[in-house]
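Novice: Below: one structure in structure tokens.
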There are 2 protein chains.
Amino acid sequence: MMRTRPLKVALLGCGVVGSEVARIMTTHAGDLAARIGAPVELAGVAVRRPDKVREGIDPALVTTDATALVKRGDLDIVVEVIGGIEPARTLITTALEHGASVVSANKALLAQDGAALHAAAEKHGRDLYYEAAVAGAIPLIRPLRESLAGDKVNRVLGIVNGTTNFILDKMDTTGAGYQEALDEATALGYAEADPTADVEGFDAAAKAAILAGIAFHTRVRLDDVHREGMTEVTAGDFASAREMGCTIKLLAICERAEDGASVTARVHPAMIPLSHPLASVRGAYNAVFVESDAAGQLMFYGPGAGGAPTASAVLGDLVAVGRNRLSGATGPGESAYAALPVSPMGEVVTRYHISLDVADKPGVLAQVATVFAEHGVSIDTVRQQGKDGEASLVVVTHRASDAALGGTVEALRKLDTVRGVASIMRVEGE
Amino acid sequence: MMRTRPLKVALLGCGVVGSEVARIMTTHAGDLAARIGAPVELAGVAVRRPDKVREGIDPALVTTDATALVKRGDLDIVVEVIGGIEPARTLITTALEHGASVVSANKALLAQDGAALHAAAEKHGRDLYYEAAVAGAIPLIRPLRESLAGDKVNRVLGIVNGTTNFILDKMDTTGAGYQEALDEATALGYAEADPTADVEGFDAAAKAAILAGIAFHTRVRLDDVHREGMTEVTAGDFASAREMGCTIKLLAICERAEDGASVTARVHPAMIPLSHPLASVRGAYNAVFVESDAAGQLMFYGPGAGGAPTASAVLGDLVAVGRNRLSGATGPGESAYAALPVSPMGEVVTRYHISLDVADKPGVLAQVATVFAEHGVSIDTVRQQGKDGEASLVVVTHRASDAALGGTVEALRKLDTVRGVASIMRVEGE
């Protein structure tokens with residue numbers, strides 16, 4: 001049954017994603033109407049540069065006054081694709097207060113203020129959807145909060161940043177160093193002029209916070225996520241990884257502790273076995289592994305960014321929110337009832353690959369092994385290579401806490417026979 | 001906000017899946033209540049063998065009278081995990097008539113009578129959910145009908161039957177023949193005593209019909225799906241595939257024609273390149289590729305069968321349907337507005353790998369090539385191998401219609417110099 005009065009949609013932001021959303025709303029208007037049960041009408045577009053020509057968008061709809069737009073009071077849905085904290089936060093809150101439901105692609109904002117935004121949506125009986133905020137087009141938020149709503153998720157392990165995956169993949173396949181690979185990513189448009197948010201892991205950490213929150217029904221904020229960037233990964237690390245039958249990926253990892261009583265969330269580069277499905281995720285693609293009690297291991301794979309893929313996720317939400325408007329219902333809101341504590345990085349348990357530069361003389365291995373033992377870190381394998389009076393020692397540990405490993409490394413640095421700790425890399429996905 | 005009156009759930013069937021659903025409903029009652037907003041209560045369990053001991057299920061809830069159970073009138077949700085057409089169809093219809101929403105894992109029934117069941121659900125203002133009907137625990141129905149609701153899906157390409165993937169994987173990795181691999185699958189419990197539904201492609205065809213219907217917003221019934229089993233795949237076919245840099249998988253393929261005006265759905269064994277992500281899907285796992293206009297290529301991977309994984313999908317639906325009950329709304333129903341014609345197999349366009357046994361004498365290749373040209377089938381590569389007066393000719397074509405290829409093969413069989421057509425296999429996923 002088709003309603004004839006259209007749903008009014010305002011678009012905040014008309015850049016790469018917003019213009020694609022507007023384009024599909026126009027070119028696929030009939031399909032969207034059929035799927036929602038009512039036509040959708042683009043009622044306004046808030047932009048910073050009103051003079052820019054925007055193909056297919058009626059100039060009369062364009063405004064620089066986003067605040068006035070979200071206060072109109074006749075909007076059904078506001079789509080926020082501006083990004084960043086402000087003015088996005090105030091605009092979303094104002095839109096909800098004035099009766100609109102909101103579809104957002106804003107990972108930074110959701111990771112920082114998701115709880116407050118969800119509370120505002122609930123207070124006003126409106127929806128807040130944000131499938132596009134994590135891993136672009138890949139359906140991930142909806143599967144986690146709906147498909148797996150009857151299951152217990154124990155682990156989310158994913159490549160959620162396309163820029164850094166492009167760089168690491170390039171380093172892996174061509175032997176390039178970090179800077180060279182970054183330059184290529186920048187030239188091809190995969191990295192921004194200032195790549196900090198990507199290469200330092202801020203973008204992935206925001207996504208990890210969102211995923212952990214939904215997966216564990218617990219509030220996890222950006223500050224709760226341990227974050228290490230990938231700017232110090234070297235060609236030598238890739239060589240070490242290959243000797244282990246591994247490659248290196250920047251991973252977002254959200255885990256429930258084995259006793260189930262706490263969770264952790266972290267982003268850092270790590271070795272993963274070449275046999276792991278995440279190892280073969282190429283270029284700027286994203287993929288996320290989800291492990292749960294009943295479903296077992298699931299993987300979701302696809303383009304993690306880009307105008308059209310992100311628009312696909314935004315429009316999927318638009319259809320869902322539109323249907324909810326028509327039926328007078330709202331979809332699932334924040335689910336944080338479990339309220340599990342988020343443990344610090346020191347309590348994370350994993351394996352480690354440590355390269356040491358040591359003196360090439362008898363007894364060094366015994367000394368090093370003693371330090372590991374004293375800190376309760378069990379060694380899996382050691383490989384020793386001598387060269388001109390110096391030697392390198394590669395130690396791979398069994399599972400140990402990050403705190404225990406940290407104590408071990410501190411003690412190793414104090415040994416006379418240890419000239420330096422060349423690299424420490426976690427080993428995941430085994 | 002928690003409602004205290006519980007949602008009453010009846011379970012039809014208590015086998016591998018049903019017992020797992022009942023178990024999780026009990027052990028995770030608190031989580032389910034928090035996620036739905038009301039407790040769920042197991043109100044009755046219909047079984048065939050009432051005397052069987054069912055751990056954790058109150059014997060007072062067990063009945064053999066499924067009809068009386070679904071007619072009680074106080075049920076909120078009926079979970080149907082009996083399988084097969086009858087009595088499942090009548091029970092689901094009766095449950096909807098008596099005010100219950102339905103969660104089903106019944107692919108055969110949905111593929112045959114989905115339209116009528118959806119109509120009954122809509123008439124009575126109730127939900128009909130069936131995530132578990134396709135690819136077990138893998139969220140697929142919900143992503144297709146909700147996450148991609150704002151996109152245009154062009155292709156669904158998947159491994160949706162774990163039994164046949166186990167057998168083909170075994171043949172590929174060990175060189176075993178079909179019968180040997182089937183015997184192992186049976187011994188390990190991956191294949192049923194009568195494996196017909198799996199190995200002849202009926203199970204995959206039902207899933208293809210469901211996926212095509214949702215992906216293309218068009219009614220696609222089991223009868224519309226072209227179906228070929230995999231019992232005739234030989235070790236020799238795998239050798240041929242490897243020479244092509246391919247492996248062989250039983251694929252369910254749903255495609256929109258290039259002009260967008262019609263769709264096709266089919267199940268058959270096919271060669272796919274080893275570089276394709278589906279090629280590395282091992283054992284009894286399932287994976288489905290989805291290609292759409294805006295999102296691009298997405299893949300969903302996970303366990304495609306088994307009690308716990310299927311129960312995970314059932315319970316995800318149970319939570320969604322439970323939330324809908326509380327809000328007085330219903331989720332998305334059948335979406336068949338596009339009503340595209342389903343074209344016959346002859347109109348499918350793909351590539352082919354054909355092995356011919358031919359006389360080893362001059363001019364044979366020219367004769368064969370002429371037949372292909374006369375039928376408008378363009379040849380990509382030919383490989384000729386002589387042996388003792390006989391020769392084999394392996395032809396790989398460019399894209400051509402199934403009808404054109406059929407005509408070509410018919411004409412080839414009439415050539416004196418062609419002793420036989422050893423095998424014909426489609427090449428997909430390039």
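Identifiers for the structure tokens are assigned positionally: chains receive A, B, ... in sequence, residues are indexed from 1 per chain, and ligands are indexed from 1 in the order shown.
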Excluding stretch 51-68 of chain B and its own-chain neighbours fewer than 6 positions away, which residues fall within 8 Å of it when counting only C-alpha atoms? Please give them as a list in words.
Specialist: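 These residues fall inside the cut-off: Leu12, Ser19, Ala22, Arg23, Thr26, Leu42, Ala43, Gly44, Val45, Leu91 and Thr94 of chain B.
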Novice: Got a sec: who's within 10 Å of A:Ser280, counting only C-alpha atoms, leaving out chain neighbours fewer than 6 positions off, as a PyMOL selection string?
Specialist: (chain A and resi 169+247+273-274+287) or (chain B and resi 275+277)
Novice: May I ask which of the residues A:Ala311, A:Val281, A:Ile159, A:Ala373 is the closest one to A:Val267, counting only C-alpha atoms?
Specialist: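 Among A:Ala311, A:Val281, A:Ile159, A:Ala373, it is A:Ile159 that comes nearest to A:Val267.
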Novice: Between A:Asn324, A:Asp360, A:Ala308, A:Asp402, single out the one closest to A:His375, counting only C-alpha atoms.
Specialist: A:Asp402
Novice: Could you pull out the residues in stretch 290-399 of chain A that DSSP calls alpha helix (DSSP H) from the backbone, as a ChimeraX atom specification?
Specialist: /A:307-327,364-374
Novice: Which value, in Å to one decimal, gives the distance between atom CA of B:Thr231 and atom CA of B:Glu184?
Specialist: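 Interatomic distance here is 14.7 Å.
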Novice: Name all residues at most 7 Å from B:Ala270 (count only C-alpha atoms; drop same-chain ones fewer than 4 positions away) and give them as number ranges by chain.
Specialist: B: 248-251, 425-428
Novice: Generate the output file for the selected residues, all heavy atoms, as a compact mmCIF listing (two decimals), in the first residue's frame.
Specialist:
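Listed below is the output, result_22.txt:
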```
# COMPACT_ATOMS: atom_id res chain seq x y z
N ILE B 248 36.35 -26.20 -8.70
CA ILE B 248 34.94 -26.42 -9.03
C ILE B 248 34.09 -26.29 -7.77
O ILE B 248 34.41 -26.88 -6.73
CB ILE B 248 34.73 -27.81 -9.67
CG1 ILE B 248 35.51 -27.89 -10.99
CG2 ILE B 248 33.24 -28.09 -9.90
CD1 ILE B 248 35.58 -29.29 -11.59
N LYS B 249 33.04 -25.52 -7.85
CA LYS B 249 32.11 -25.33 -6.74
C LYS B 249 30.68 -25.50 -7.27
O LYS B 249 30.41 -25.21 -8.44
CB LYS B 249 32.25 -23.92 -6.16
CG LYS B 249 33.61 -23.63 -5.52
CD LYS B 249 33.78 -24.40 -4.22
CE LYS B 249 35.06 -24.03 -3.50
NZ LYS B 249 35.28 -24.93 -2.33
N LEU B 250 29.79 -25.96 -6.40
CA LEU B 250 28.36 -25.95 -6.75
C LEU B 250 27.86 -24.56 -6.39
O LEU B 250 27.84 -24.18 -5.22
CB LEU B 250 27.59 -27.02 -5.98
CG LEU B 250 26.10 -27.10 -6.37
CD1 LEU B 250 25.93 -27.71 -7.76
CD2 LEU B 250 25.31 -27.93 -5.36
N LEU B 251 27.46 -23.80 -7.41
CA LEU B 251 27.10 -22.41 -7.19
C LEU B 251 25.61 -22.16 -7.38
O LEU B 251 24.98 -22.75 -8.25
CB LEU B 251 27.87 -21.50 -8.17
CG LEU B 251 29.40 -21.51 -8.03
CD1 LEU B 251 30.03 -20.62 -9.10
CD2 LEU B 251 29.83 -21.06 -6.65
N MET B 425 31.51 -27.60 -18.77
CA MET B 425 31.40 -26.95 -17.47
C MET B 425 31.40 -25.44 -17.66
O MET B 425 32.19 -24.91 -18.44
CB MET B 425 32.57 -27.39 -16.59
CG MET B 425 32.54 -26.84 -15.21
SD MET B 425 32.20 -27.94 -13.82
CE MET B 425 32.68 -29.54 -14.32
N ARG B 426 30.50 -24.78 -16.94
CA ARG B 426 30.48 -23.31 -17.02
C ARG B 426 31.63 -22.72 -16.21
O ARG B 426 32.08 -23.32 -15.25
CB ARG B 426 29.14 -22.78 -16.55
CG ARG B 426 27.98 -23.28 -17.42
CD ARG B 426 26.64 -22.80 -16.95
NE ARG B 426 25.58 -23.46 -17.72
CZ ARG B 426 25.02 -24.63 -17.39
NH1 ARG B 426 25.40 -25.26 -16.29
NH2 ARG B 426 24.08 -25.16 -18.15
N VAL B 427 32.08 -21.55 -16.63
CA VAL B 427 33.16 -20.85 -15.93
C VAL B 427 32.58 -19.55 -15.40
O VAL B 427 32.09 -18.72 -16.16
CB VAL B 427 34.34 -20.56 -16.88
CG1 VAL B 427 35.50 -19.92 -16.10
CG2 VAL B 427 34.79 -21.84 -17.58
N GLU B 428 32.60 -19.39 -14.06
CA GLU B 428 31.93 -18.24 -13.44
C GLU B 428 32.93 -17.43 -12.59
O GLU B 428 34.04 -17.87 -12.33
CB GLU B 428 30.81 -18.73 -12.53
CG GLU B 428 29.78 -19.62 -13.20
CD GLU B 428 28.82 -18.85 -14.11
OE1 GLU B 428 28.75 -17.61 -13.97
OE2 GLU B 428 28.16 -19.48 -14.96
```
Novice: Could you tell me, as a PyMOL selection string, which residues of stretch 29-258 of chain A DSSP assigns to strand (DSSP E or B) when given the backbone?
Specialist: chain A and resi 40-46+62-63+77-80+101-104+128-129+153-159+226-227+246-256
Novice: Within 6 Å of chain B, which residues of chain A come that close, and what is the closest atom pair and distance in Å for each? Count only C-alpha atoms and give it as a tab-separated table.
Specialist:
```
residue	atom	partner	partner_atom	distance
A:Ala137	CA	B:Ala295	CA	5.2
A:Ser147	CA	B:Gly316	CA	4.6
A:Leu148	CA	B:Gly316	CA	5.2
A:Ala149	CA	B:Gly316	CA	4.8
A:Gly150	CA	B:Leu315	CA	4.5
A:Asp151	CA	B:Ser312	CA	5.6
A:Ala294	CA	B:Ala308	CA	4.7
A:Ala295	CA	B:Pro309	CA	3.9
A:Gln297	CA	B:Gly302	CA	5.8
A:Leu298	CA	B:Gly302	CA	4.4
A:Met299	CA	B:Tyr301	CA	4.9
A:Phe300	CA	B:Phe300	CA	4.9
A:Tyr301	CA	B:Met299	CA	4.9
A:Gly302	CA	B:Leu298	CA	4.4
A:Ala308	CA	B:Ala294	CA	4.7
A:Pro309	CA	B:Ala295	CA	3.9
A:Ser312	CA	B:Ala295	CA	5.4
A:Leu315	CA	B:Gly150	CA	4.5
A:Gly316	CA	B:Gly150	CA	4.5
```
Novice: Kindly export the residues of the current selection with N, CA, C and O atoms, as a PDB file, in the first residue's frame.
Specialist:
```pdb
ATOM      1  N   ALA A 137      30.083   0.135   2.918  1.00  0.00           N
ATOM      2  CA  ALA A 137      28.913  -0.570   2.406  1.00  0.00           C
ATOM      3  C   ALA A 137      28.661  -1.897   3.101  1.00  0.00           C
ATOM      4  O   ALA A 137      27.599  -2.486   2.938  1.00  0.00           O
ATOM      5  N   SER A 147      20.712  -9.396  13.489  1.00  0.00           N
ATOM      6  CA  SER A 147      20.833 -10.821  13.155  1.00  0.00           C
ATOM      7  C   SER A 147      21.410 -11.621  14.312  1.00  0.00           C
ATOM      8  O   SER A 147      21.012 -12.758  14.554  1.00  0.00           O
ATOM      9  N   LEU A 148      22.396 -11.039  15.025  1.00  0.00           N
ATOM     10  CA  LEU A 148      23.040 -11.765  16.115  1.00  0.00           C
ATOM     11  C   LEU A 148      22.455 -11.395  17.474  1.00  0.00           C
ATOM     12  O   LEU A 148      23.061 -11.659  18.509  1.00  0.00           O
ATOM     13  N   ALA A 149      21.266 -10.798  17.461  1.00  0.00           N
ATOM     14  CA  ALA A 149      20.658 -10.350  18.718  1.00  0.00           C
ATOM     15  C   ALA A 149      20.295 -11.520  19.619  1.00  0.00           C
ATOM     16  O   ALA A 149      20.085 -11.349  20.816  1.00  0.00           O
ATOM     17  N   GLY A 150      20.204 -12.724  19.090  1.00  0.00           N
ATOM     18  CA  GLY A 150      19.892 -13.887  19.910  1.00  0.00           C
ATOM     19  C   GLY A 150      21.124 -14.716  20.224  1.00  0.00           C
ATOM     20  O   GLY A 150      21.010 -15.833  20.714  1.00  0.00           O
ATOM     21  N   ASP A 151      22.288 -14.175  19.942  1.00  0.00           N
ATOM     22  CA  ASP A 151      23.528 -14.927  20.113  1.00  0.00           C
ATOM     23  C   ASP A 151      24.428 -14.153  21.079  1.00  0.00           C
ATOM     24  O   ASP A 151      24.099 -13.054  21.510  1.00  0.00           O
ATOM     25  N   ALA A 294      26.909 -19.310  19.263  1.00  0.00           N
ATOM     26  CA  ALA A 294      26.094 -20.236  18.475  1.00  0.00           C
ATOM     27  C   ALA A 294      26.448 -20.188  16.992  1.00  0.00           C
ATOM     28  O   ALA A 294      26.576 -21.222  16.343  1.00  0.00           O
ATOM     29  N   ALA A 295      26.621 -19.008  16.439  1.00  0.00           N
ATOM     30  CA  ALA A 295      26.858 -18.900  14.992  1.00  0.00           C
ATOM     31  C   ALA A 295      28.247 -19.367  14.610  1.00  0.00           C
ATOM     32  O   ALA A 295      28.476 -19.795  13.483  1.00  0.00           O
ATOM     33  N   GLN A 297      32.032 -18.738  13.466  1.00  0.00           N
ATOM     34  CA  GLN A 297      32.797 -17.683  12.806  1.00  0.00           C
ATOM     35  C   GLN A 297      32.068 -17.171  11.561  1.00  0.00           C
ATOM     36  O   GLN A 297      31.789 -17.918  10.629  1.00  0.00           O
ATOM     37  N   LEU A 298      31.826 -15.887  11.555  1.00  0.00           N
ATOM     38  CA  LEU A 298      31.218 -15.238  10.388  1.00  0.00           C
ATOM     39  C   LEU A 298      32.199 -14.212   9.856  1.00  0.00           C
ATOM     40  O   LEU A 298      32.954 -13.621  10.611  1.00  0.00           O
ATOM     41  N   MET A 299      32.169 -13.984   8.544  1.00  0.00           N
ATOM     42  CA  MET A 299      32.979 -12.900   8.004  1.00  0.00           C
ATOM     43  C   MET A 299      32.147 -12.045   7.058  1.00  0.00           C
ATOM     44  O   MET A 299      31.331 -12.558   6.294  1.00  0.00           O
ATOM     45  N   PHE A 300      32.376 -10.757   7.120  1.00  0.00           N
ATOM     46  CA  PHE A 300      31.710  -9.779   6.260  1.00  0.00           C
ATOM     47  C   PHE A 300      32.795  -9.019   5.519  1.00  0.00           C
ATOM     48  O   PHE A 300      33.729  -8.511   6.147  1.00  0.00           O
ATOM     49  N   TYR A 301      32.652  -8.912   4.210  1.00  0.00           N
ATOM     50  CA  TYR A 301      33.729  -8.376   3.363  1.00  0.00           C
ATOM     51  C   TYR A 301      33.157  -7.423   2.334  1.00  0.00           C
ATOM     52  O   TYR A 301      32.060  -7.669   1.791  1.00  0.00           O
ATOM     53  N   GLY A 302      33.882  -6.355   2.045  1.00  0.00           N
ATOM     54  CA  GLY A 302      33.423  -5.444   0.998  1.00  0.00           C
ATOM     55  C   GLY A 302      34.205  -4.153   0.991  1.00  0.00           C
ATOM     56  O   GLY A 302      35.183  -4.007   1.725  1.00  0.00           O
ATOM     57  N   ALA A 308      29.932   5.938  -3.407  1.00  0.00           N
ATOM     58  CA  ALA A 308      28.797   5.060  -3.710  1.00  0.00           C
ATOM     59  C   ALA A 308      28.593   3.980  -2.654  1.00  0.00           C
ATOM     60  O   ALA A 308      27.464   3.777  -2.178  1.00  0.00           O
ATOM     61  N   PRO A 309      29.646   3.256  -2.225  1.00  0.00           N
ATOM     62  CA  PRO A 309      29.429   2.242  -1.190  1.00  0.00           C
ATOM     63  C   PRO A 309      28.858   2.832   0.104  1.00  0.00           C
ATOM     64  O   PRO A 309      27.952   2.254   0.712  1.00  0.00           O
ATOM     65  N   SER A 312      25.283   3.570  -0.325  1.00  0.00           N
ATOM     66  CA  SER A 312      24.452   2.353  -0.267  1.00  0.00           C
ATOM     67  C   SER A 312      24.025   2.079   1.176  1.00  0.00           C
ATOM     68  O   SER A 312      22.855   1.787   1.444  1.00  0.00           O
ATOM     69  N   LEU A 315      21.507   4.733   2.348  1.00  0.00           N
ATOM     70  CA  LEU A 315      20.173   4.561   1.777  1.00  0.00           C
ATOM     71  C   LEU A 315      19.460   3.343   2.340  1.00  0.00           C
ATOM     72  O   LEU A 315      18.230   3.326   2.458  1.00  0.00           O
ATOM     73  N   GLY A 316      20.223   2.295   2.685  1.00  0.00           N
ATOM     74  CA  GLY A 316      19.612   1.155   3.370  1.00  0.00           C
ATOM     75  C   GLY A 316      18.982   1.601   4.682  1.00  0.00           C
ATOM     76  O   GLY A 316      17.847   1.234   5.014  1.00  0.00           O
TER      77      GLY A 316
END
```
Novice: Using Å and a single decimal, report how far atom CA of A:Glu430 sits from atom CA of A:Leu182.
Specialist: 28.6 Å
Novice: Enter the distance from atom CA of B:Val409 to atom CA of B:Gly229, in Å, rounded to one decimal.
Specialist: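 Atom CA of B:Val409 sits 19.8 Å away from atom CA of B:Gly229.
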Novice: B:Ser262: which residues within 6 Å, counting only C-alpha atoms, same-chain residues fewer than 5 positions away excluded, as a PyMOL selection string?
Specialist: chain B and resi 257+340-342
Novice: Which residues come within 9 Å of B:Arg256, counting only C-alpha atoms, excluding same-chain residues fewer than 5 positions away, as a ChimeraX atom specification?
Specialist: /B:153-155,216,261-264
Novice: Those selected residues, please, written with all heavy atoms and delivered as an mmCIF file, in the first residue's frame.
Specialist:
```cif
data_model
loop_
_atom_site.group_PDB
_atom_site.id
_atom_site.type_symbol
_atom_site.label_atom_id
_atom_site.label_comp_id
_atom_site.auth_asym_id
_atom_site.auth_seq_id
_atom_site.Cartn_x
_atom_site.Cartn_y
_atom_site.Cartn_z
ATOM 1 N N VAL B 153 20.674 -4.551 -6.507
ATOM 2 C CA VAL B 153 21.480 -5.769 -6.545
ATOM 3 C C VAL B 153 21.447 -6.338 -7.964
ATOM 4 O O VAL B 153 20.377 -6.468 -8.567
ATOM 5 C CB VAL B 153 20.944 -6.812 -5.542
ATOM 6 C CG1 VAL B 153 21.724 -8.122 -5.660
ATOM 7 C CG2 VAL B 153 21.024 -6.269 -4.121
ATOM 8 N N ASN B 154 22.612 -6.652 -8.494
ATOM 9 C CA ASN B 154 22.683 -7.189 -9.853
ATOM 10 C C ASN B 154 22.996 -8.674 -9.894
ATOM 11 O O ASN B 154 22.689 -9.345 -10.875
ATOM 12 C CB ASN B 154 23.747 -6.421 -10.643
ATOM 13 C CG ASN B 154 23.351 -4.975 -10.826
ATOM 14 O OD1 ASN B 154 22.222 -4.668 -11.199
ATOM 15 N ND2 ASN B 154 24.272 -4.061 -10.521
ATOM 16 N N ARG B 155 23.623 -9.176 -8.829
ATOM 17 C CA ARG B 155 24.084 -10.550 -8.884
ATOM 18 C C ARG B 155 24.263 -11.100 -7.486
ATOM 19 O O ARG B 155 24.763 -10.414 -6.605
ATOM 20 C CB ARG B 155 25.440 -10.556 -9.610
ATOM 21 C CG ARG B 155 25.893 -11.857 -10.133
ATOM 22 C CD ARG B 155 26.837 -11.600 -11.317
ATOM 23 N NE ARG B 155 27.145 -12.814 -12.007
ATOM 24 C CZ ARG B 155 28.342 -13.434 -11.928
ATOM 25 N NH1 ARG B 155 29.310 -12.914 -11.216
ATOM 26 N NH2 ARG B 155 28.547 -14.558 -12.577
ATOM 27 N N PHE B 216 15.892 -9.230 -6.084
ATOM 28 C CA PHE B 216 15.344 -8.555 -7.270
ATOM 29 C C PHE B 216 13.910 -8.056 -7.069
ATOM 30 O O PHE B 216 13.263 -7.616 -8.018
ATOM 31 C CB PHE B 216 15.412 -9.495 -8.487
ATOM 32 C CG PHE B 216 16.803 -9.995 -8.772
ATOM 33 C CD1 PHE B 216 17.025 -11.343 -9.049
ATOM 34 C CD2 PHE B 216 17.893 -9.135 -8.763
ATOM 35 C CE1 PHE B 216 18.306 -11.823 -9.302
ATOM 36 C CE2 PHE B 216 19.180 -9.595 -9.023
ATOM 37 C CZ PHE B 216 19.381 -10.955 -9.287
ATOM 38 N N ALA B 261 15.965 -5.977 -17.551
ATOM 39 C CA ALA B 261 14.543 -6.236 -17.754
ATOM 40 C C ALA B 261 14.097 -7.635 -17.341
ATOM 41 O O ALA B 261 12.906 -7.943 -17.371
ATOM 42 C CB ALA B 261 14.182 -6.000 -19.219
ATOM 43 N N SER B 262 15.035 -8.493 -16.977
ATOM 44 C CA SER B 262 14.658 -9.837 -16.556
ATOM 45 C C SER B 262 15.730 -10.375 -15.619
ATOM 46 O O SER B 262 16.801 -9.779 -15.477
ATOM 47 C CB SER B 262 14.501 -10.760 -17.771
ATOM 48 O OG SER B 262 15.755 -10.920 -18.413
ATOM 49 N N VAL B 263 15.398 -11.484 -14.972
ATOM 50 C CA VAL B 263 16.362 -12.096 -14.055
ATOM 51 C C VAL B 263 16.444 -13.590 -14.333
ATOM 52 O O VAL B 263 15.566 -14.162 -15.000
ATOM 53 C CB VAL B 263 15.963 -11.863 -12.578
ATOM 54 C CG1 VAL B 263 15.935 -10.387 -12.248
ATOM 55 C CG2 VAL B 263 14.621 -12.524 -12.258
ATOM 56 N N THR B 264 17.508 -14.214 -13.842
ATOM 57 C CA THR B 264 17.643 -15.665 -13.933
ATOM 58 C C THR B 264 18.136 -16.194 -12.591
ATOM 59 O O THR B 264 18.752 -15.468 -11.815
ATOM 60 C CB THR B 264 18.668 -16.088 -15.014
ATOM 61 O OG1 THR B 264 19.909 -15.405 -14.770
ATOM 62 C CG2 THR B 264 18.179 -15.751 -16.408
#
```
Novice: Please identify all polymer residues within 9 Å of B:Asp416, counting only C-alpha atoms, omitting same-chain residues fewer than 3 positions from it, and present them as JSON, numbers by chain.
Specialist: {"B": [358, 359, 412, 413, 419]}
Novice: Hey, which of A:Ala88, A:Met244, A:Ala411, A:Ala252 ends up closest to A:Asp113? Count only C-alpha atoms.
Specialist: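 Looking only at the distances to A:Asp113, the closest residue turns out to be A:Ala88.
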